[in-house]
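To start, the structure under review is shown below, and the notes come after it.
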Amino acid sequence: MASSSSHAKRRASLADLPKSNVFTSKLPPDPAFATPDISHRAPREALGPRLVKGALYTFVRPEPTEESEILGISRKAMEDLGLKLGEEFTPQFKALVSGNAFYWDDKDGGIYPWAQCYGGWQFGSWAGQLGDGRAISLFEATNPTTNIRYEFQLKGAGRTPYSRFADGKAVLRSSIREFIVSEALSALGVPTTRAISLTLLPRSNVLRERIEPGAIVARFAESWLRIGTFDLLRARGDRDLIRKLATYTAEEVFQGWDALPAAVSLSLDKNQVSDAVDNPPRHVPWDKVQEHQGVQENRFARLYREIARRNAKTVAAWQAYGFMNGVLNTDNTSIFGLSLDYGPFAFMDNFDPQYTPNHDDHLLRYSYRNQPTVIWWNLVRLGESLGELIGAGSKVDDDEFVKDGLTEESALAVYRRAEEIIERTGKEFRTVFLNEYNRLMGSRLGLRSQKDSDFEDLFSEMLDMLEALELDFNHFFRRLSDVSLQDLETEEIRKKMASVFFHAEGFGVIGYSDDSARQRVANWLNKWKHRVIEDWGDCDSERQRFMKNINPKFLPRGWILDEIIERVEQHGDREIIGRVMHMTLNPFNDEWGLNGDEERFCGDVPRSKRAMMCSCSS
Ligand code: AMP
Ligand code: MG
């Protein structure tokens, strides 16, 4: 009998996959190419870099490519998009993912491709207009089973008005990295943009520090909107478009206003209110009376909180799995709370909270330990962009406000209220972050219940120990999953077991002897053992299974990605990508039935290849 879930799964051919263009039908295009027709008739070179105002995108087609070879497919991404397996072998699929086809023609119309316009704060400074400089969206597709709608996009598809000084291309090296690692995060259950295919363009010679082969990653996401999309509108004072985009976000990206967090009442504390009352320039502040009575926050405040909550959960997952984005500028921070923009990212090797994989980040702004703070910093920028809308309270739909914005009388109270909402959302962000982080870390340590003391007694000491002894963060959890409590009975055995976590090349950390290192691990193991027994009694094999389903055996670390890149680029190896993708999509397996590299890729990181770094955009 077919199971109901497999029965219910409907997967379509590429041609039958339901497609739409809600983004371009609801939001304003670049006025210079206001319709698909106008854009299509323009020579391709005319769609190069310029400032684009009053718009959220430009209609722009991919640059056709002469020769292409699909090097990799994520079958999981195909499934999640709702595509039938086998479609990846069709000429239509190949044409689509290499930039040679889209769903529009000048007779019948259809869906014309577009590149999004956004700005951003980069390393704490305002960078002005950025935008999709080498990404072009082709259409939206709705998975027929889940009804989730995704925006389907090519990265490396040619220049757009947002390419600034660059070429609109992506090199094979960084495309391999994005293709594999976005799918790795997804397999761990971390919200992320997805990658469905990797296509080599052998004739596209891309100039970086040297000439390199070009490539295209076909990818999709529920939304590609970023905090930077709002930043740019704010910098330009485009309040109508901020309102329009916020409304679009709630109605089309999320599941409508009703699905957002319920309103909480605003309670300006006495000091703030009296301050607002005492120091108005001339008049009594706007709806002071209402504030005293405690009004409810409005729908835009609820939208802001939803975006903050999603990002809190995602950054908590990064911390729990030791993932670093590497460039957490506001243009790389998702409105939907997705891991977004794969540049110099990495999974942690040996635990080092100061580590950043970004070679150019000398101040360690985007290091592991700064990620939660930096995401919040970005969310404050979003709060400022939405400030007038969230601060206007119940007046947000008044005609005068919608048309003319704040008056001198209303401004002060509105700003105060926006500040209060941002501040309170900061507390909510922190709470959601900590809950999610504790939940994931507890699970990774095999706990079924949560106790307040776990953070101090188990997590903190474990992290200090991993750092001091230079132990591998992710291997630690997987190896702990395999440890049986029976092997931790006496101190002597615990000290012996400690070497499970040590690097095979031997232990050599300054300040520790082999014995003192073993002692430290043994002490922690003892505490952990008692805590596990509290939760599991003598069901230790169940506990082990539980832990193995949350602690990956395989993760595509920097050194592995480097090896794959070398094998593909230098030796023409074609199989390695498929094999590693299979491991990536099933990271919790004990084995994958593949020959060769499997165990080596799951073993200790060669010492000279730990904590690698790379540079920003490539
Ligand atoms: P990133 O550092 O990858 O987040 O990129 C910042 C901005 O530069 C984004 O607007 C990108 O689209 C753009 N960009 C990066 N690399 C290229 C490239 N090779 N061609 C065109 N635009 C690029
Ligand atoms: Mg970016």
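Residue numbering restarts at 1 in every chain; chains get A, B, ... in the order shown in the structure tokens, and ligands count up from 1 in that same order.
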
Rows by chain and residue number, chain A within 8 Å of ligand 1, shortest pair, only C-alpha atoms and all ligand atoms, as JSON lines:
```
{"residue": "A:Tyr118", "atom": "CA", "partner": "ligand 1", "partner_atom_place_in_ligand_line": "10 (O)", "distance": 7.6}
{"residue": "A:Gly119", "atom": "CA", "partner": "ligand 1", "partner_atom_place_in_ligand_line": "10 (O)", "distance": 7.6}
{"residue": "A:Gln129", "atom": "CA", "partner": "ligand 1", "partner_atom_place_in_ligand_line": "10 (O)", "distance": 7.8}
{"residue": "A:Leu130", "atom": "CA", "partner": "ligand 1", "partner_atom_place_in_ligand_line": "10 (O)", "distance": 4.1}
{"residue": "A:Gly131", "atom": "CA", "partner": "ligand 1", "partner_atom_place_in_ligand_line": "10 (O)", "distance": 4.2}
{"residue": "A:Asp132", "atom": "CA", "partner": "ligand 1", "partner_atom_place_in_ligand_line": "12 (O)", "distance": 4.2}
{"residue": "A:Gly133", "atom": "CA", "partner": "ligand 1", "partner_atom_place_in_ligand_line": "12 (O)", "distance": 3.3}
{"residue": "A:Arg134", "atom": "CA", "partner": "ligand 1", "partner_atom_place_in_ligand_line": "21 (C)", "distance": 4.6}
{"residue": "A:Ala135", "atom": "CA", "partner": "ligand 1", "partner_atom_place_in_ligand_line": "12 (O)", "distance": 6.6}
{"residue": "A:Gly156", "atom": "CA", "partner": "ligand 1", "partner_atom_place_in_ligand_line": "19 (N)", "distance": 7.4}
{"residue": "A:Gly158", "atom": "CA", "partner": "ligand 1", "partner_atom_place_in_ligand_line": "20 (N)", "distance": 7.5}
{"residue": "A:Arg159", "atom": "CA", "partner": "ligand 1", "partner_atom_place_in_ligand_line": "21 (C)", "distance": 6.1}
{"residue": "A:Thr160", "atom": "CA", "partner": "ligand 1", "partner_atom_place_in_ligand_line": "21 (C)", "distance": 7.5}
{"residue": "A:Tyr162", "atom": "CA", "partner": "ligand 1", "partner_atom_place_in_ligand_line": "10 (O)", "distance": 6.3}
{"residue": "A:Ser163", "atom": "CA", "partner": "ligand 1", "partner_atom_place_in_ligand_line": "21 (C)", "distance": 3.8}
{"residue": "A:Arg164", "atom": "CA", "partner": "ligand 1", "partner_atom_place_in_ligand_line": "22 (N)", "distance": 6.2}
{"residue": "A:Phe165", "atom": "CA", "partner": "ligand 1", "partner_atom_place_in_ligand_line": "21 (C)", "distance": 7.1}
{"residue": "A:Ala166", "atom": "CA", "partner": "ligand 1", "partner_atom_place_in_ligand_line": "20 (N)", "distance": 4.1}
{"residue": "A:Asp167", "atom": "CA", "partner": "ligand 1", "partner_atom_place_in_ligand_line": "20 (N)", "distance": 4.3}
{"residue": "A:Gly168", "atom": "CA", "partner": "ligand 1", "partner_atom_place_in_ligand_line": "20 (N)", "distance": 3.3}
{"residue": "A:Lys169", "atom": "CA", "partner": "ligand 1", "partner_atom_place_in_ligand_line": "19 (N)", "distance": 4.7}
{"residue": "A:Ala170", "atom": "CA", "partner": "ligand 1", "partner_atom_place_in_ligand_line": "19 (N)", "distance": 5.7}
{"residue": "A:Val327", "atom": "CA", "partner": "ligand 1", "partner_atom_place_in_ligand_line": "2 (O)", "distance": 7.1}
{"residue": "A:Asn329", "atom": "CA", "partner": "ligand 1", "partner_atom_place_in_ligand_line": "4 (O)", "distance": 7.5}
{"residue": "A:Asp331", "atom": "CA", "partner": "ligand 1", "partner_atom_place_in_ligand_line": "4 (O)", "distance": 6.6}
{"residue": "A:Asn332", "atom": "CA", "partner": "ligand 1", "partner_atom_place_in_ligand_line": "4 (O)", "distance": 5.9}
{"residue": "A:Asp341", "atom": "CA", "partner": "ligand 1", "partner_atom_place_in_ligand_line": "4 (O)", "distance": 6.1}
{"residue": "A:Tyr342", "atom": "CA", "partner": "ligand 1", "partner_atom_place_in_ligand_line": "3 (O)", "distance": 7.4}
{"residue": "A:Gly343", "atom": "CA", "partner": "ligand 1", "partner_atom_place_in_ligand_line": "3 (O)", "distance": 6.0}
{"residue": "A:Cys616", "atom": "CA", "partner": "ligand 1", "partner_atom_place_in_ligand_line": "2 (O)", "distance": 5.7}
{"residue": "A:Ser617", "atom": "CA", "partner": "ligand 1", "partner_atom_place_in_ligand_line": "3 (O)", "distance": 4.6}
{"residue": "A:Ser618", "atom": "CA", "partner": "ligand 1", "partner_atom_place_in_ligand_line": "16 (N)", "distance": 5.9}
```

| said: Please return, as a PyMOL selection string, all residues of region 196-279 of chain A that DSSP assigns to alpha helix (DSSP H) on the basis of the backbone. | reply: chain A and resi 227-235+239-248+270-278

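The interatomic distance for the pair CA of Ala413 (chain A) and CA of Leu386 (chain A) works out to 15.1 Å.
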
| Spatial neighbours of Met581 (chain A), max dist 10 Å, only C-alpha atoms, sep filter under 5 positions, as a PyMOL selection string | chain A and resi 72-76+179-181+183-184+556+576+586-587

| said: Excluding Ala235 (chain A) and its own-chain neighbours fewer than 5 positions away, which residues fall within 10 Å of it when counting only C-alpha atoms? Please give them as a PyMOL selection string. | reply: chain A and resi 119-120+126+128-129+230+385

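In this comparison, which uses only C-alpha atoms and all ligand atoms, the residue of A:Thr192, A:Thr333, A:Gln319, A:Gln153 approaching ligand 2 most closely is A:Thr333.
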
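If you measure from each of A:Pro344, A:Gly537, A:Gly511, A:Pro49 to ligand 2 using only C-alpha atoms and all ligand atoms, the closest one turns out to be A:Pro344.
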
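When only C-alpha atoms and all ligand atoms are used to compute distances to ligand 2, the closest of the residues A:Arg50, A:Lys84, A:Arg309, A:Lys155 turns out to be A:Lys155.
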
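Residues within 7 Å of Thr58 (chain A), counting only C-alpha atoms and excluding same-chain residues fewer than 2 positions away, are A:Pro29, A:Asp30, A:Phe33, A:Val60, A:Trp114, A:Ala115, A:Gln116.
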
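For the residues A:Leu340, A:Met613, A:Leu469, A:Ala392, ranking by smallest atom-to-atom distance to ligand 2 using only C-alpha atoms and all ligand atoms places A:Leu340 first.
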
| said: Show me, as a list in words, the residues that have an atom within 6 Å of Asp472 (chain A) when counting only C-alpha atoms, minus same-chain residues fewer than 2 positions from it. | reply: Asp349, Asn350, Phe351, Asn474, His475 and Phe476 of chain A

Pull N, CA and C atoms from the residues just selected and write them as a PDB file, in the first residue's frame.
```
ATOM      1  N   ASP A 349      36.068  24.504  12.432  1.00  0.00           N
ATOM      2  CA  ASP A 349      36.856  23.280  12.672  1.00  0.00           C
ATOM      3  C   ASP A 349      37.109  23.217  14.182  1.00  0.00           C
ATOM      4  N   ASN A 350      38.342  23.507  14.626  1.00  0.00           N
ATOM      5  CA  ASN A 350      38.557  23.552  16.080  1.00  0.00           C
ATOM      6  C   ASN A 350      37.841  24.783  16.643  1.00  0.00           C
ATOM      7  N   PHE A 351      37.279  24.636  17.831  1.00  0.00           N
ATOM      8  CA  PHE A 351      36.413  25.697  18.333  1.00  0.00           C
ATOM      9  C   PHE A 351      37.209  26.941  18.720  1.00  0.00           C
ATOM     10  N   ASN A 474      32.436  20.268  15.686  1.00  0.00           N
ATOM     11  CA  ASN A 474      31.380  19.363  15.220  1.00  0.00           C
ATOM     12  C   ASN A 474      31.715  17.886  15.433  1.00  0.00           C
ATOM     13  N   HIS A 475      32.984  17.522  15.299  1.00  0.00           N
ATOM     14  CA  HIS A 475      33.350  16.132  15.592  1.00  0.00           C
ATOM     15  C   HIS A 475      33.070  15.794  17.051  1.00  0.00           C
ATOM     16  N   PHE A 476      33.237  16.774  17.923  1.00  0.00           N
ATOM     17  CA  PHE A 476      33.022  16.512  19.346  1.00  0.00           C
ATOM     18  C   PHE A 476      31.622  15.935  19.588  1.00  0.00           C
TER      19      PHE A 476
END
```

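Summary of the local environment: counting only C-alpha atoms, residues at most 12 Å from His359 (chain A), other than itself and those fewer than 2 positions away along its chain, are A:Gly326, A:Val327, A:Gly343, A:Pro344, A:Phe345, A:Ala346, A:Tyr355, A:Thr356, A:Pro357, A:Asp361, A:His362, A:Leu363, A:Leu364, A:Arg365, A:Tyr366, A:Ser367, A:Ala611, A:Met612, A:Met613, A:Cys614, A:Ser615, A:Cys616, A:Ser617.
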